[in-house]
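For reference, input_7.csv is printed below; it contains CSV, C-alpha atoms.
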```
chain,number,residue,atom,x,y,z
U,1,MET,CA,59.5,-58.3,-152.9
U,2,SER,CA,59.4,-58.9,-149.2
U,3,LYS,CA,57.8,-55.5,-148.7
U,4,LEU,CA,55.0,-56.4,-151.1
U,5,LEU,CA,54.6,-59.7,-149.3
U,6,LEU,CA,54.2,-58.0,-146.0
U,7,LYS,CA,51.8,-55.5,-147.5
U,8,SER,CA,49.7,-58.4,-148.9
U,9,LEU,CA,49.2,-59.7,-145.3
U,10,ASP,CA,47.4,-56.5,-144.2
U,11,CYS,CA,46.2,-54.8,-147.3
U,12,GLN,CA,44.3,-55.5,-150.5
U,13,LEU,CA,46.9,-55.4,-153.3
U,14,ASP,CA,45.9,-53.9,-156.6
U,15,GLU,CA,45.8,-56.2,-159.6
U,16,LYS,CA,49.3,-55.4,-160.8
U,17,GLU,CA,50.8,-55.9,-157.4
U,18,ARG,CA,48.9,-59.1,-156.9
U,19,ALA,CA,50.2,-60.5,-160.2
U,20,ARG,CA,53.8,-59.5,-159.4
U,21,LEU,CA,53.6,-61.1,-156.0
U,22,ASP,CA,52.0,-64.3,-157.3
U,23,LYS,CA,54.7,-64.6,-160.0
U,24,ALA,CA,57.5,-64.1,-157.5
U,25,LEU,CA,56.0,-66.6,-155.1
U,26,ALA,CA,55.7,-69.2,-157.9
U,27,GLU,CA,59.3,-68.7,-158.9
U,28,ASP,CA,61.1,-68.0,-155.6
U,29,GLU,CA,61.3,-70.8,-153.0
U,30,ALA,CA,62.8,-68.4,-150.4
U,31,LEU,CA,59.9,-66.0,-150.7
U,32,ARG,CA,57.4,-68.9,-150.2
U,33,GLN,CA,59.3,-69.9,-147.1
U,34,MET,CA,59.3,-66.3,-145.9
U,35,LYS,CA,55.5,-66.2,-146.4
U,36,LYS,CA,55.0,-69.4,-144.5
U,37,GLU,CA,57.1,-68.0,-141.6
U,38,TYR,CA,55.2,-64.8,-141.4
U,39,GLU,CA,51.9,-66.7,-141.5
U,40,LEU,CA,53.0,-69.0,-138.7
U,41,MET,CA,54.2,-66.1,-136.7
U,42,ARG,CA,50.9,-64.2,-137.1
U,43,SER,CA,48.7,-67.2,-136.3
U,44,THR,CA,50.8,-67.8,-133.2
U,45,LEU,CA,50.3,-64.2,-132.1
U,46,ALA,CA,46.6,-64.5,-132.8
U,47,THR,CA,46.3,-67.3,-130.2
U,48,PHE,CA,48.1,-65.3,-127.5
U,49,GLU,CA,45.7,-65.6,-124.5
U,50,PRO,CA,47.2,-64.2,-121.4
U,51,GLY,CA,44.8,-63.5,-118.5
U,52,PHE,CA,44.8,-61.7,-115.2
U,53,SER,CA,44.5,-63.5,-111.9
U,54,ALA,CA,41.2,-65.1,-110.9
U,55,SER,CA,40.6,-62.3,-108.3
U,56,PHE,CA,41.1,-59.5,-110.8
U,57,ASN,CA,37.5,-58.4,-110.8
U,58,GLU,CA,37.3,-58.5,-107.0
U,59,ASN,CA,40.7,-56.7,-106.6
U,60,THR,CA,39.6,-54.0,-109.1
U,61,LEU,CA,36.4,-53.3,-107.1
U,62,GLY,CA,38.5,-53.2,-103.9
U,63,LYS,CA,40.8,-50.7,-105.4
U,64,LEU,CA,37.7,-48.7,-106.6
U,65,GLY,CA,36.5,-48.6,-103.0
U,66,SER,CA,39.8,-47.1,-101.8
U,67,SER,CA,39.9,-44.8,-104.8
U,68,LEU,CA,36.4,-43.5,-104.0
U,69,VAL,CA,37.5,-42.8,-100.4
U,70,HIS,CA,40.5,-40.9,-101.7
U,71,HIS,CA,38.3,-39.1,-104.2
U,72,GLN,CA,35.9,-38.1,-101.5
U,73,GLU,CA,38.8,-36.9,-99.3
U,74,ASN,CA,40.2,-34.9,-102.2
U,75,GLN,CA,36.8,-33.4,-102.8
U,76,LEU,CA,36.5,-32.4,-99.2
U,77,VAL,CA,39.9,-30.7,-99.2
U,78,TYR,CA,39.1,-29.1,-102.5
U,79,ARG,CA,35.8,-27.7,-101.1
U,80,PHE,CA,37.5,-26.5,-98.0
U,81,ILE,CA,40.2,-24.7,-100.0
U,82,LEU,CA,37.5,-23.2,-102.3
U,83,ARG,CA,35.5,-22.0,-99.3
U,84,LEU,CA,38.6,-20.5,-97.7
U,85,GLY,CA,39.6,-18.8,-100.9
U,86,VAL,CA,36.1,-17.3,-101.5
U,87,SER,CA,35.9,-16.1,-97.8
U,88,ALA,CA,39.4,-14.5,-98.1
U,89,ALA,CA,38.5,-12.9,-101.4
U,90,ALA,CA,35.3,-11.5,-99.9
U,91,ALA,CA,37.2,-10.2,-96.8
U,92,VAL,CA,39.7,-8.4,-99.1
U,93,LEU,CA,36.9,-6.9,-101.2
U,94,ILE,CA,35.2,-5.6,-98.1
U,95,LEU,CA,38.4,-4.2,-96.8
U,96,LEU,CA,39.0,-2.4,-100.1
U,97,MET,CA,35.5,-1.0,-100.1
U,98,ILE,CA,36.0,0.3,-96.5
U,99,VAL,CA,39.3,2.0,-97.5
U,100,LEU,CA,37.7,3.4,-100.7
U,101,TYR,CA,34.7,4.7,-98.7
U,102,LYS,CA,36.9,6.3,-96.0
U,103,GLU,CA,39.9,7.6,-98.1
U,104,GLN,CA,38.1,8.1,-101.4
U,105,SER,CA,41.2,6.4,-102.9
U,106,LEU,CA,42.8,3.0,-103.4
U,107,ARG,CA,46.4,4.3,-103.6
U,108,ILE,CA,49.0,2.3,-101.8
U,109,ASP,CA,49.4,4.9,-99.0
U,110,SER,CA,45.7,4.7,-98.4
U,111,LEU,CA,45.8,0.9,-98.3
U,112,MET,CA,48.7,0.9,-95.9
U,113,GLY,CA,47.0,3.6,-93.7
U,114,PHE,CA,49.7,6.2,-94.4
U,115,SER,CA,47.6,8.7,-96.3
U,116,GLY,CA,47.8,12.2,-94.9
U,117,LEU,CA,51.1,11.6,-93.1
U,118,THR,CA,54.1,13.7,-94.0
U,119,PRO,CA,57.8,12.8,-93.6
U,120,ASP,CA,57.9,14.9,-90.4
U,121,ASP,CA,55.1,12.7,-89.0
U,122,PHE,CA,57.4,9.7,-89.4
U,123,ASP,CA,60.3,11.5,-87.8
U,124,ASN,CA,58.1,12.4,-84.8
U,125,LEU,CA,56.7,8.9,-84.7
U,126,PHE,CA,60.2,7.3,-84.4
U,127,ALA,CA,61.8,10.2,-82.4
U,128,ASN,CA,61.4,8.4,-79.1
U,129,TYR,CA,63.0,5.1,-80.2
G,1,MET,CA,22.4,-58.9,-113.2
G,2,LYS,CA,20.1,-59.1,-116.3
G,3,LYS,CA,22.2,-59.1,-119.5
G,4,LEU,CA,22.4,-55.5,-120.4
G,5,ASP,CA,23.7,-54.0,-123.6
G,6,GLU,CA,26.9,-51.9,-123.4
G,7,SER,CA,25.1,-48.5,-123.4
G,8,GLN,CA,22.8,-49.6,-120.5
G,9,LEU,CA,25.8,-50.9,-118.6
G,10,VAL,CA,27.7,-47.6,-119.1
G,11,GLY,CA,24.6,-45.7,-118.0
G,12,LYS,CA,24.5,-47.7,-114.8
G,13,ILE,CA,28.3,-47.1,-114.2
G,14,ARG,CA,27.6,-43.4,-114.6
G,15,LEU,CA,25.1,-43.7,-111.8
G,16,GLY,CA,27.7,-45.3,-109.6
G,17,ASP,CA,26.6,-48.9,-109.8
G,18,GLU,CA,29.6,-51.1,-108.9
G,19,ARG,CA,27.9,-54.3,-110.0
G,20,ALA,CA,27.7,-52.8,-113.5
G,21,LEU,CA,31.5,-52.2,-113.4
G,22,ALA,CA,32.0,-55.8,-112.3
G,23,GLU,CA,29.9,-56.9,-115.3
G,24,LEU,CA,32.0,-54.7,-117.6
G,25,ILE,CA,35.2,-56.1,-116.2
G,26,ASP,CA,33.9,-59.6,-116.8
G,27,ARG,CA,33.2,-58.8,-120.4
G,28,HIS,CA,36.4,-57.0,-121.3
G,29,GLN,CA,39.2,-58.2,-119.0
G,30,ALA,CA,40.4,-60.8,-121.5
G,31,ALA,CA,40.8,-58.2,-124.2
G,32,ILE,CA,42.5,-55.8,-121.8
G,33,ALA,CA,44.8,-58.6,-120.6
G,34,ARG,CA,45.9,-59.3,-124.1
G,35,VAL,CA,46.7,-55.6,-124.7
G,36,VAL,CA,48.4,-55.0,-121.4
G,37,VAL,CA,50.4,-58.2,-121.1
G,38,GLY,CA,51.2,-57.9,-124.8
G,39,MET,CA,52.7,-54.5,-124.2
G,40,LEU,CA,54.3,-55.1,-120.8
G,41,GLY,CA,55.0,-58.8,-120.7
G,42,ASN,CA,53.8,-61.1,-118.0
G,43,VAL,CA,54.9,-58.9,-115.1
G,44,PRO,CA,53.1,-58.1,-111.8
G,45,GLU,CA,52.6,-54.5,-112.9
G,46,ALA,CA,50.4,-55.7,-115.8
G,47,GLU,CA,47.6,-56.5,-113.4
G,48,ASP,CA,47.8,-53.1,-111.8
G,49,VAL,CA,47.7,-51.4,-115.2
G,50,GLY,CA,44.7,-53.6,-116.1
G,51,GLN,CA,42.9,-52.5,-112.9
G,52,GLU,CA,43.7,-48.9,-113.6
G,53,VAL,CA,42.1,-49.2,-117.0
G,54,PHE,CA,38.7,-50.0,-115.5
G,55,LEU,CA,39.1,-47.4,-112.7
G,56,ARG,CA,39.9,-44.7,-115.3
G,57,PHE,CA,36.8,-45.8,-117.2
G,58,TRP,CA,34.7,-45.6,-114.0
G,59,PHE,CA,35.9,-42.0,-113.3
G,60,SER,CA,35.6,-40.9,-116.9
G,61,ALA,CA,32.4,-42.7,-117.8
G,62,SER,CA,30.5,-39.4,-118.0
G,63,HIS,CA,32.9,-38.3,-120.8
G,64,TYR,CA,32.3,-41.5,-122.8
G,65,ARG,CA,30.2,-40.5,-125.8
G,66,HIS,CA,29.5,-43.9,-127.5
G,67,GLU,CA,31.5,-42.7,-130.6
G,68,ALA,CA,33.7,-45.8,-130.2
G,69,GLU,CA,32.8,-49.2,-128.9
G,70,VAL,CA,33.4,-49.7,-125.1
G,71,ARG,CA,36.1,-52.3,-126.0
G,72,THR,CA,37.9,-49.8,-128.3
G,73,TYR,CA,37.7,-47.0,-125.7
G,74,LEU,CA,39.1,-49.4,-123.0
G,75,THR,CA,41.8,-50.5,-125.4
G,76,ARG,CA,42.8,-46.9,-126.0
G,77,ILE,CA,43.1,-46.4,-122.2
G,78,ALA,CA,45.0,-49.6,-121.9
G,79,ILE,CA,47.5,-48.8,-124.6
G,80,ASN,CA,48.2,-45.3,-123.2
G,81,LEU,CA,48.6,-46.6,-119.6
G,82,SER,CA,50.9,-49.4,-120.9
G,83,ILE,CA,53.0,-46.9,-122.8
G,84,ASN,CA,53.3,-44.7,-119.7
G,85,GLU,CA,54.3,-47.7,-117.7
G,86,LEU,CA,57.0,-48.6,-120.3
G,87,ASN,CA,58.3,-45.1,-120.2
G,88,LYS,CA,58.4,-45.1,-116.5
G,89,ARG,CA,60.3,-48.4,-116.6
G,90,LYS,CA,62.7,-47.0,-119.1
G,91,ARG,CA,63.4,-44.0,-117.0
G,92,LYS,CA,64.0,-46.2,-113.9
G,93,PHE,CA,65.8,-49.2,-115.4
G,94,GLY,CA,66.9,-47.9,-118.8
G,95,PHE,CA,70.5,-48.9,-118.2
G,96,MET,CA,69.4,-52.5,-117.5
G,97,LEU,CA,66.9,-53.0,-120.4
G,98,ASN,CA,69.5,-54.5,-122.7
G,99,LEU,CA,69.9,-57.4,-120.3
G,100,GLY,CA,66.5,-58.7,-121.6
G,101,THR,CA,67.6,-58.8,-125.2
G,102,GLU,CA,69.0,-62.4,-124.9
G,103,THR,CA,65.6,-63.7,-123.7
G,104,ALA,CA,64.6,-65.0,-127.1
G,105,GLU,CA,67.5,-67.4,-127.3
G,106,VAL,CA,66.4,-69.2,-124.1
G,107,PHE,CA,63.6,-71.0,-125.8
G,108,ALA,CA,65.4,-72.0,-129.0
G,109,ALA,CA,66.5,-75.3,-127.6
G,110,LYS,CA,62.9,-76.5,-127.2
G,111,VAL,CA,62.2,-76.6,-131.0
G,112,ASP,CA,63.2,-79.3,-133.5
G,113,SER,CA,62.9,-77.6,-136.9
G,114,HIS,CA,63.6,-74.1,-138.1
G,115,GLU,CA,59.9,-73.7,-139.1
G,116,GLN,CA,58.8,-74.6,-135.6
G,117,LEU,CA,60.5,-71.5,-134.3
G,118,TYR,CA,57.8,-69.4,-135.9
G,119,SER,CA,55.0,-71.2,-134.0
G,120,ASN,CA,56.7,-71.3,-130.7
G,121,ALA,CA,54.6,-69.0,-128.5
G,122,GLU,CA,57.3,-68.3,-125.9
G,123,LEU,CA,59.9,-67.4,-128.6
G,124,ILE,CA,57.4,-65.1,-130.3
G,125,LYS,CA,56.6,-63.4,-127.0
G,126,ALA,CA,60.3,-62.9,-126.4
G,127,ALA,CA,60.7,-61.5,-129.9
G,128,LEU,CA,57.7,-59.2,-129.3
G,129,SER,CA,59.3,-57.9,-126.0
G,130,ARG,CA,62.4,-56.8,-127.9
G,131,LEU,CA,60.4,-54.4,-130.2
G,132,ASP,CA,60.3,-50.8,-129.2
G,133,THR,CA,57.0,-49.4,-127.9
G,134,ALA,CA,55.9,-47.9,-131.2
G,135,HIS,CA,56.3,-51.2,-133.1
G,136,ARG,CA,55.0,-53.3,-130.3
G,137,SER,CA,51.8,-51.4,-130.0
G,138,VAL,CA,50.8,-51.9,-133.6
G,139,VAL,CA,51.6,-55.7,-133.4
G,140,VAL,CA,49.5,-56.0,-130.2
G,141,LEU,CA,46.5,-54.2,-131.6
G,142,ARG,CA,46.6,-55.6,-135.1
G,143,LEU,CA,48.0,-59.1,-134.7
G,144,ILE,CA,47.1,-60.1,-131.1
G,145,GLU,CA,43.9,-58.2,-130.5
G,146,GLY,CA,42.7,-58.4,-134.1
G,147,TYR,CA,41.8,-54.8,-134.9
G,148,SER,CA,41.8,-53.8,-138.5
G,149,THR,CA,44.7,-51.6,-139.6
G,150,LYS,CA,42.2,-48.7,-139.8
G,151,GLU,CA,41.0,-49.2,-136.2
G,152,THR,CA,44.6,-49.6,-135.1
G,153,ALA,CA,45.4,-46.2,-136.7
G,154,GLU,CA,42.4,-44.7,-134.9
G,155,ILE,CA,43.3,-46.1,-131.5
G,156,LEU,CA,46.9,-45.0,-131.8
G,157,ASN,CA,45.9,-41.7,-133.4
G,158,LEU,CA,48.3,-42.4,-136.3
G,159,PRO,CA,48.0,-42.1,-140.1
G,160,LEU,CA,47.1,-45.5,-141.7
G,161,GLY,CA,50.4,-45.4,-143.7
G,162,THR,CA,52.4,-45.2,-140.5
G,163,VAL,CA,50.6,-48.1,-139.0
G,164,LEU,CA,51.2,-50.2,-142.1
G,165,SER,CA,54.9,-49.3,-142.3
G,166,ARG,CA,55.4,-50.0,-138.5
G,167,LEU,CA,53.6,-53.3,-138.9
G,168,ALA,CA,55.8,-54.4,-141.7
G,169,ARG,CA,59.0,-53.2,-139.9
G,170,ALA,CA,57.9,-55.0,-136.7
G,171,GLN,CA,57.3,-58.3,-138.4
G,172,GLU,CA,60.6,-58.1,-140.2
G,173,LYS,CA,62.3,-57.4,-136.9
G,174,MET,CA,60.6,-60.3,-135.2
G,175,ARG,CA,61.3,-62.7,-138.0
G,176,ASN,CA,65.0,-61.6,-137.9
G,177,ILE,CA,65.2,-62.1,-134.1
G,178,ILE,CA,63.5,-65.6,-134.4
G,179,GLY,CA,65.5,-66.5,-137.5
G,180,LYS,CA,68.8,-65.9,-135.7
G,181,GLN,CA,68.1,-68.7,-133.3
G,182,PRO,CA,70.6,-71.5,-133.5
```
So that I can check it, write out the structure of this file as structure tokens.
Amino acid sequence: MSKLLLKSLDCQLDEKERARLDKALAEDEALRQMKKEYELMRSTLATFEPGFSASFNENTLGKLGSSLVHHQENQLVYRFILRLGVSAAAAVLILLMIVLYKEQSLRIDSLMGFSGLTPDDFDNLFANY
Amino acid sequence: MKKLDESQLVGKIRLGDERALAELIDRHQAAIARVVVGMLGNVPEAEDVGQEVFLRFWFSASHYRHEAEVRTYLTRIAINLSINELNKRKRKFGFMLNLGTETAEVFAAKVDSHEQLYSNAELIKAALSRLDTAHRSVVVLRLIEGYSTKETAEILNLPLGTVLSRLARAQEKMRNIIGKQP
């Protein structure tokens, strides 16, 4: 019956449930006591009025000021990285286009500048070392 | 500042008007304090979390679509930040949390009758602090902040049935904690 009692505190009971609960409340002193305790507890919770400090508003605006500075700094760093990234990507693209134009290929040996070299060329290259 | 309605106030916040934010804080800080202090207890971090709620609103005001009232939107942020803070606290001090479980008994001596226990605010707060996060959040929203069960379900993104069962379980637990007082 305590489940039904708790339900009645937050929900509309249907007719049957309401009748059952009313009957039990009329007959059971312990249930009436339980209801009273729940109601007291709930009304005490409803009067709960904590507050922040008197300078809460001011402190929040102060924090906003420093957050905005951080935000702007982050934006600057982000923009710098973005610009750097775009420039690097453009440089790589230009390099690839130059290689493609000169070598007619984007194979790894063309990219590394080894196209046209044979193993003997490497031997000759390192022969003096 | 002329008394603006909430949507005008949000409009000004979107444009970067700090006075509008100050006005919004004035209007809603009491509600946010009830939620945050209800969740975290009266601790110094509560104020930091409260400030963070309004800062989050400031930076996300452009995403606010007026589907929920400003108070409900702020409450949702407050509940989420409070839960994050509790999880952080749990990770940091998890092994010490049980030390707080005797708090409820501290206040028992101040009451004369058994019935008075249930209207002793300090004792009720202590009992609330012993609930787990899931149960505490429904008590805070429904019984302290006065949202309907439907609104509570929406804020917590839970089915209504879950809210009702958590609410019942939380009240049973709190009654048991209080009832065990000498």
Record the distance separating atom CA of G:Asn42 and atom CA of U:Ser53, expressed in Å with one decimal.
11.4 Å
Top pick for closest residue to G:Ala127, considering G:Ala170, G:Val37, G:Ile177, G:Val163 and counting all atoms listed in the file
G:Ile177
Residues near G:Lys125, cut-off 9 Å, all atoms listed in the file, skip fewer than 4 positions along chain, as a list in words
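That gives Leu45 and Phe48 of chain U; Gly38, Gly41, Ala104, Asn120, Ala121, Ser129 and Arg130 of chain G.
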Atomic distance atom CA of G:His28 - atom CA of G:Ile79, expressed in Å with one decimal:
14.2 Å
In Å, with one decimal, what is the gap from atom CA of G:Val35 to atom CA of G:Glu85?
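Calculated distance between atom CA of G:Val35 and atom CA of G:Glu85 is 13.0 Å.
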Compute the chain G side of the contact with chain U at 6 Å, counting all atoms listed in the file, and hand it back as a PyMOL selection string.
chain G and resi 30+33-34+51+118-119+143-144+168
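All protein, DNA and RNA residues at most 12 Å from (34.4, -52.3, -129.9) are Glu6, Ser7, Arg27, His28, Ala31, Ile32, His66, Glu67, Ala68, Glu69, Val70, Arg71, Thr72, Tyr73, Leu74, Thr75, Arg76, Glu145, Gly146, Tyr147, Ser148, Glu151, Thr152 and Ile155 of chain G, using all atoms listed in the file.
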Where atoms are missing, can you supply N, CA and C atoms for stretch 54-78 of chain G and output the lot as an mmCIF file, keeping the file's coordinate frame?
```
data_model
loop_
_atom_site.group_PDB
_atom_site.id
_atom_site.type_symbol
_atom_site.label_atom_id
_atom_site.label_comp_id
_atom_site.auth_asym_id
_atom_site.auth_seq_id
_atom_site.Cartn_x
_atom_site.Cartn_y
_atom_site.Cartn_z
ATOM 1 N N PHE G 54 40.175 -50.005 -115.842
ATOM 2 C CA PHE G 54 38.700 -50.000 -115.500
ATOM 3 C C PHE G 54 38.408 -48.864 -114.511
ATOM 4 N N LEU G 55 39.366 -48.528 -113.655
ATOM 5 C CA LEU G 55 39.100 -47.400 -112.700
ATOM 6 C C LEU G 55 39.024 -46.088 -113.513
ATOM 7 N N ARG G 56 39.923 -45.938 -114.497
ATOM 8 C CA ARG G 56 39.900 -44.700 -115.300
ATOM 9 C C ARG G 56 38.508 -44.637 -116.036
ATOM 10 N N PHE G 57 38.050 -45.812 -116.507
ATOM 11 C CA PHE G 57 36.800 -45.800 -117.200
ATOM 12 C C PHE G 57 35.653 -45.383 -116.225
ATOM 13 N N TRP G 58 35.702 -45.908 -115.016
ATOM 14 C CA TRP G 58 34.700 -45.600 -114.000
ATOM 15 C C TRP G 58 34.646 -44.049 -113.778
ATOM 16 N N PHE G 59 35.824 -43.464 -113.584
ATOM 17 C CA PHE G 59 35.900 -42.000 -113.300
ATOM 18 C C PHE G 59 35.625 -41.139 -114.477
ATOM 19 N N SER G 60 35.770 -41.722 -115.694
ATOM 20 C CA SER G 60 35.600 -40.900 -116.900
ATOM 21 C C SER G 60 34.337 -41.302 -117.669
ATOM 22 N N ALA G 61 33.520 -42.162 -117.070
ATOM 23 C CA ALA G 61 32.400 -42.700 -117.800
ATOM 24 C C ALA G 61 31.437 -41.559 -118.289
ATOM 25 N N SER G 62 31.401 -40.455 -117.551
ATOM 26 C CA SER G 62 30.500 -39.400 -118.000
ATOM 27 C C SER G 62 31.028 -38.705 -119.273
ATOM 28 N N HIS G 63 32.321 -38.905 -119.590
ATOM 29 C CA HIS G 63 32.900 -38.300 -120.800
ATOM 30 C C HIS G 63 32.734 -39.262 -122.018
ATOM 31 N N TYR G 64 32.358 -40.512 -121.738
ATOM 32 C CA TYR G 64 32.300 -41.500 -122.800
ATOM 33 C C TYR G 64 31.037 -41.176 -123.663
ATOM 34 N N ARG G 65 31.255 -40.983 -124.966
ATOM 35 C CA ARG G 65 30.200 -40.500 -125.800
ATOM 36 C C ARG G 65 29.633 -41.555 -126.817
ATOM 37 N N HIS G 66 29.990 -42.798 -126.638
ATOM 38 C CA HIS G 66 29.500 -43.900 -127.500
ATOM 39 C C HIS G 66 29.991 -43.720 -128.965
ATOM 40 N N GLU G 67 31.010 -42.864 -129.193
ATOM 41 C CA GLU G 67 31.500 -42.700 -130.600
ATOM 42 C C GLU G 67 32.317 -43.958 -130.948
ATOM 43 N N ALA G 68 33.004 -44.507 -129.967
ATOM 44 C CA ALA G 68 33.700 -45.800 -130.200
ATOM 45 C C ALA G 68 33.082 -46.829 -129.327
ATOM 46 N N GLU G 69 33.284 -48.094 -129.714
ATOM 47 C CA GLU G 69 32.800 -49.200 -128.900
ATOM 48 C C GLU G 69 33.486 -49.128 -127.514
ATOM 49 N N VAL G 70 32.834 -49.663 -126.486
ATOM 50 C CA VAL G 70 33.400 -49.700 -125.100
ATOM 51 C C VAL G 70 34.809 -50.364 -125.188
ATOM 52 N N ARG G 71 34.847 -51.497 -125.915
ATOM 53 C CA ARG G 71 36.100 -52.300 -126.000
ATOM 54 C C ARG G 71 37.225 -51.395 -126.580
ATOM 55 N N THR G 72 36.898 -50.644 -127.625
ATOM 56 C CA THR G 72 37.900 -49.800 -128.300
ATOM 57 C C THR G 72 38.342 -48.684 -127.314
ATOM 58 N N TYR G 73 37.363 -48.121 -126.602
ATOM 59 C CA TYR G 73 37.700 -47.000 -125.700
ATOM 60 C C TYR G 73 38.581 -47.554 -124.537
ATOM 61 N N LEU G 74 38.242 -48.753 -124.029
ATOM 62 C CA LEU G 74 39.100 -49.400 -123.000
ATOM 63 C C LEU G 74 40.467 -49.683 -123.512
ATOM 64 N N THR G 75 40.512 -50.165 -124.755
ATOM 65 C CA THR G 75 41.800 -50.500 -125.400
ATOM 66 C C THR G 75 42.695 -49.282 -125.477
ATOM 67 N N ARG G 76 42.056 -48.170 -125.834
ATOM 68 C CA ARG G 76 42.800 -46.900 -126.000
ATOM 69 C C ARG G 76 43.433 -46.538 -124.600
ATOM 70 N N ILE G 77 42.618 -46.652 -123.550
ATOM 71 C CA ILE G 77 43.100 -46.400 -122.200
ATOM 72 C C ILE G 77 44.265 -47.325 -121.877
ATOM 73 N N ALA G 78 44.050 -48.613 -122.200
ATOM 74 C CA ALA G 78 45.000 -49.600 -121.900
ATOM 75 C C ALA G 78 46.380 -49.386 -122.580
#
```
